[in-house]
Structures are given as C-alpha cells and as structure tokens.
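A short worksheet on the structure shown next.
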Amino acid sequence: MKEPNLVHKQHMQSGHRTGLAALLVLFVLPLAWSQEPTITPNYREADIRQIVEAVGEVTGRNFILDPRVNAKVTMLSSTPMSPDAFYEAFLSILQVNGFIAMTAGDVIKIVPDASARQYSGLLSTDNAAADDIVTQVVRVENVGAAQLVPILRPLIPQYGHLAAHPGSNMLIISDRASNVDRMLRIIRRIDQANDEEIEVVRLEHASASEVVRVMTALTQTPRTDGVPVTTSLVSDARTNSVLIGGDKSERLRIRALIAHLDTPLEDGGDTQVRYLYYADAEELSTKLQQHFTQQAAAEGGGAPTSTTANQVSVWADPQNNAIVVNAPPKMMRSLMGIVDKLDIRRAQVLVEAIIVEVIADRSSDLGVTWAVDGSGSNSAVGITEFPGAGTTVLGLGTALGGSGGTGSPAGLIGPGLTIGVGRITDSGTSFAAILTALQGDADTNIISTPTIVTLDNEEASLNVGQEVPFLSGSFSNTGSVGGAINPFQTIQREQVGVKLTITPQINEGDSLLLKISQEVSSIASSSEGAADLITNERTIETTVIVEDGGILVLGGLIEDTLRESEQRVPILGGIPILGGLFRNRSTDLVKTNLMVFIRPKILRDSTQTAFETNSKYRMIRDAQQGGRVELMPGAGRPVLPPVEDYGYTPVPETNDIAENE
C-alpha cells in the first residue's frame, strides 16, 4: 500500500490565448495522517503572481506583492517536494528574477531586491533561511574595519550594503543570509592576530650602528621564494641597542645573528680601519684626535693621563683615504658614531647669475661757424668759433695756408655732415661759412649668465673676461744720431668681463644663504663717434636668502640722463631764425637699464647632478654648428660627442628647469 501523497501539478500550455492556462490537480489520499504531504510543481512561462498564490495555498503563508513584481517563470520538478522545500524553491525563483521576500510579522512582502535594504530584516543568520535578508553587525578585532571594505565590496551584490564604522571598528553587512554567512567566514580568516612586535636588543660589545648596517644589507637581499621581506632594523646610539620589527620567525633569526656579532673584544682594545667615502682622512683624523684629547681632559679635570692617552690613537692613510683607530670599545663606538655622521655626501649648489644690461645712447650736434674778411689783406673783420664744434672756419683756414698750416685739410674734417660755402677774392669782401651736423645712436644689450657649482659652505670663484689695452700716454724724444725723432706710446691693460664669487649655505628646508660678490665690466658704445674706449663697471656685494630653484633680484640700476648744451654769440644768437647762424647746439640722451638676478639650485644626489650636467652639455652641443668645412672636402667641424659615448646614460629631462640660452 502506497504512502499518502499530495501531488500538485500545474502545466502551462501555449495556444491562441496569451494568458496563463494552469491546471491544478490535487490528489488527497488520507490513508496515513502521520505522513507530511508532498507536491510536484511544474510551470512553463507561468506568471509569478499565480505561483505566489499556489505557494500561499500549499504553505499557508500570507503574501503582499509590490506592484513592480512581474515576471514569467519556468520551474520543472520530477520528484515530490515537501511544502518547506517548495517554499525554499520559491525563494530561489524570486532571487533569480530579482525579487526578495521580506518577513514582517505574519505577512511576507515580495519586493524588488533593489529595495531590500529599505525594509527591516533579521539581525542574525541564526534560524534564518538562506534567502532571507539579514543585517549583521560584525566587530573586527585585529584589522581595521575600513581596510576590509574594499576587499569585501566585490562580494556584495548591488542590492546589498557594506559599510564600516571606524570609531567602533565594526562592519555592517546587509544581504541574504547565505551570503552574509559566507562573508562572516571570510572575515574570521582575515581577522587574525598579528605576531609582529618590536623587540629591543641591547648590545654589550658591538656598535649598534655597525650591526644595523650589516644586518640591513643582509635582510634587504631578495628571497628566492618571492616572499617580501618586512623586517626592519633601527639603531639607538644612546643606549647602544637594536630595535627589531617584523615576523616572529624573522626576529628570532636576526636575534641569533646579533648574538654572534655581539662578542667581547680583547682586553687591549681593538683596531679598526675605516675607509672613508667623502671626508678627507687627514683632516678627519686630526679632528678625532683633538676630540678625544679634549674629552679625556674634561673627564680627568685637566690634561689626559698617560694611561688614557695610550689607549686611543687615530692616524690617517692618505693613499687609501682611510683612518686607523685604536681605542677601547666604548670610545671606539663614540668615534665610529662621529665618523658615520661626518662621512656623508655633501650637497652641492648650482648658482646661475643672470645679468641684463640695456643702454640706449642718443646724441645730436648742430652748429655754424663763419668768417668775413673785408680788406683783402687776410685781416678778418668777423669770425665765430665754438669749442667742440668739429670742423671750423678758423681751423680749416689754418690748414690751408695759415701759419704752421700743413696744407691738407682732410685731417680736420670731423664726423657727420660738413657743408662749407664762401667766396675768396683778392679785393673786396671775402667770406666763408661751415655748417656741421652730427646725430649718433648707440645701443648696448648685454645678457650674461655665468654658472658655477660648489659644495655646501665652500667658496667658489668664476672669472670670465679679457684684458683690453688703453692708451695712457704718448711721448717723443730726439735721437742722439742725426737728431731723429723717436715717438712712442704707453699702454695700460685693464680686465673686462664677469667675476662671480659665492659661498652658499644650505639652511633647514630648501632655503639657501648666499654670500655673493658680483662684478660686471664691459666696453660701452658711444654715440659721439670718439675713438676713446669707455668701460662700464657694476659691482654688487651682498648676502641674501633665496629658496631652492627660486630667482631673486640682487640689485639694479635704472638711469635716464638728458644733457642739452647751447653755445651762441651774445645778442646775435638770440635773433629768431637768423640767430641759428650764431649758435652751436648739442643734445645727449642716455638711458641705462641694468638688473642682476641670481638662481641657486641644490644638487642633493647624483641624479640631480647628472640632470643639470646633461642639460648644459646638450645646450652647448646643440649650439655648435656641425657639417663640413668649406674649401676643405672631408673635414668636419668640431662637435662635442653625445653623452652616451662616455659610457654614461643621461637622465631624462622631466622637470621644467629653464635654460638661459
């Protein structure tokens, strides 16, 4: 005899109708009331609302459907199911179609899963179905809750919720019970106590800084298994201790190695040879010996005793740039600590001075000189002569035939325009007039960018220029034989160019204290057309503070000079229009603009030094004009080779340092 069975079959047939054709067949066989009824559901393209009605009839639950709940569902089963199993299958159908069942007392709300976080759910996975919405608060003990959020976020569906509360170090998870239970298992595996602690190992004989240097070189070697090394070592010079941080197994291994290194020295002290990298061995050995002598004298209340004086000796080996130290362990640690702090790479400073000088010189001369002879016997009855007027009637007449004249007036013709008019007769009135006009323009535009590199707190000088000859005098003497005249001149040479002397001092941060002595001298062009040389000299001596890479103006000069002069004959020179024949005028206008800037840059390492060197090297190389030499086939112009030819890889230019080209 068969066991009692409740069979529920519902088939969806396709026909001319668009609705759902459901067939619900219930067979009740009340032969044994102790057995639970079963159901075998079969749905094809059934409306989900009708399935909700069937679940309510079988399980006796009450449902409230959200208006947005609408879907076609297919569910096929070949084995009977209990009402509870049928309800679990119904919850899976809802999950597949993007809906969720929310229990609210005796009513179950079916809503889209995107709205699940807005409804109250269970506060624990205990006694919760796999598809029930659960909001769980998880306390994290050993890991930061905020650090777990980006790790767990991909495991939470879009309708779920995951947030961290840093104040209490808790995680808030809202999702289906099955996924929340999985998240809890993952969190328990991650939230493990860390055995990384800090241990302090006090040394009795070895130097803490030396031990840390050796152990750091050992621990920084990459492991063959690819596991990253997280051990850290720090020395404390005051207590001569080593601080070890990292995994427990690594700390045990390092402690064992330190124990082997911390071995006692011989009673007679120890001798160490220390090779220096940057410091000078002779200078450093002298300073160390003085330091020990002063320290021993301070401890003994006077001069050091012979016993203590024989315990320490420091001498230098210049060939190897090394110092040899013999001292007791305590004094040895002190001396080696001083050497560690002094034998460091000193920063360098690149200083660029930008000197800009613009001079505009304008001049204008206009004058008339004349002479009138009324007797015909070379006696002038009227003449005008002005100093500095260039070619004049009197000078030209002297050259043509006057007393002491040479008969050649070409040497008296001055610069500019010279126009002469007149009439020379044996009887009657003779006259001559000369008009001279000169206008000159002279512009000077000088940009100098001297560059110098020096160590921190080291004075450096740069002198770029040339010696220019200046005529200081001319003499002539009569020789003893034949009375020959021997003329000669004396020449004085003066240096013209750029002189830069600077002493940089790097302060805390990125500022520099600069002691600067700047001198700039040059030859100025003159608008007067004179043959004499005029030199300009500008000197600045100052102390300034400027930031690393910044530009600071050291000083300058802005000068605007106007000179107007007029020479004229009294009364006659004031007559309008005609008075121009009795005047000589000149005007000079000089405008000078001079500015001196400074730009220092700290070169702390070899990378910055290489970058600046490559930049200047390429600038000079690009300025050279390559190619063949005219009239010499096969010959080439000299050009600097690329930096790579010297076996050096140039640093790529990634910053925005401007080049003054």
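The chains in the structure tokens are called A, B, ... from first to last as shown; in each chain the residues are counted from 1, and the ligands are counted from 1 in the order shown.
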
Just want the 10 Å neighbourhood of Val349 in chain A, counted on only C-alpha atoms, with same-chain residues fewer than 3 positions away dropped. Output as a ChimeraX atom specification. /A:346,352,452-458,503-506,512,548,600-604,609

Could you list, as number ranges by chain, every residue within 12 Å of range 261-264 of chain A, counting only C-alpha atoms and ignoring same-chain residues fewer than 2 positions away? A: 201-208, 210-212, 214-215, 240-242, 254-259, 266-270, 328-330

Compile the contact shell of Ser77 in chain A as a VMD selection string: residues with an atom at most 9 Å away, counting only C-alpha atoms, same-chain residues fewer than 3 positions apart removed. chain A and resid 40 to 43 80 to 81

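Distances here use only C-alpha atoms; by that measure, the residue among A:Ser430, A:Asn536, A:Ser334, A:Asn97 closest to Gly497 in chain A is A:Asn536.
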
Would you please work out which residue, of A:Lys515, A:Arg583, A:Arg153, A:Arg61, is nearest to Asp175 in chain A when using only C-alpha atoms? A:Arg153
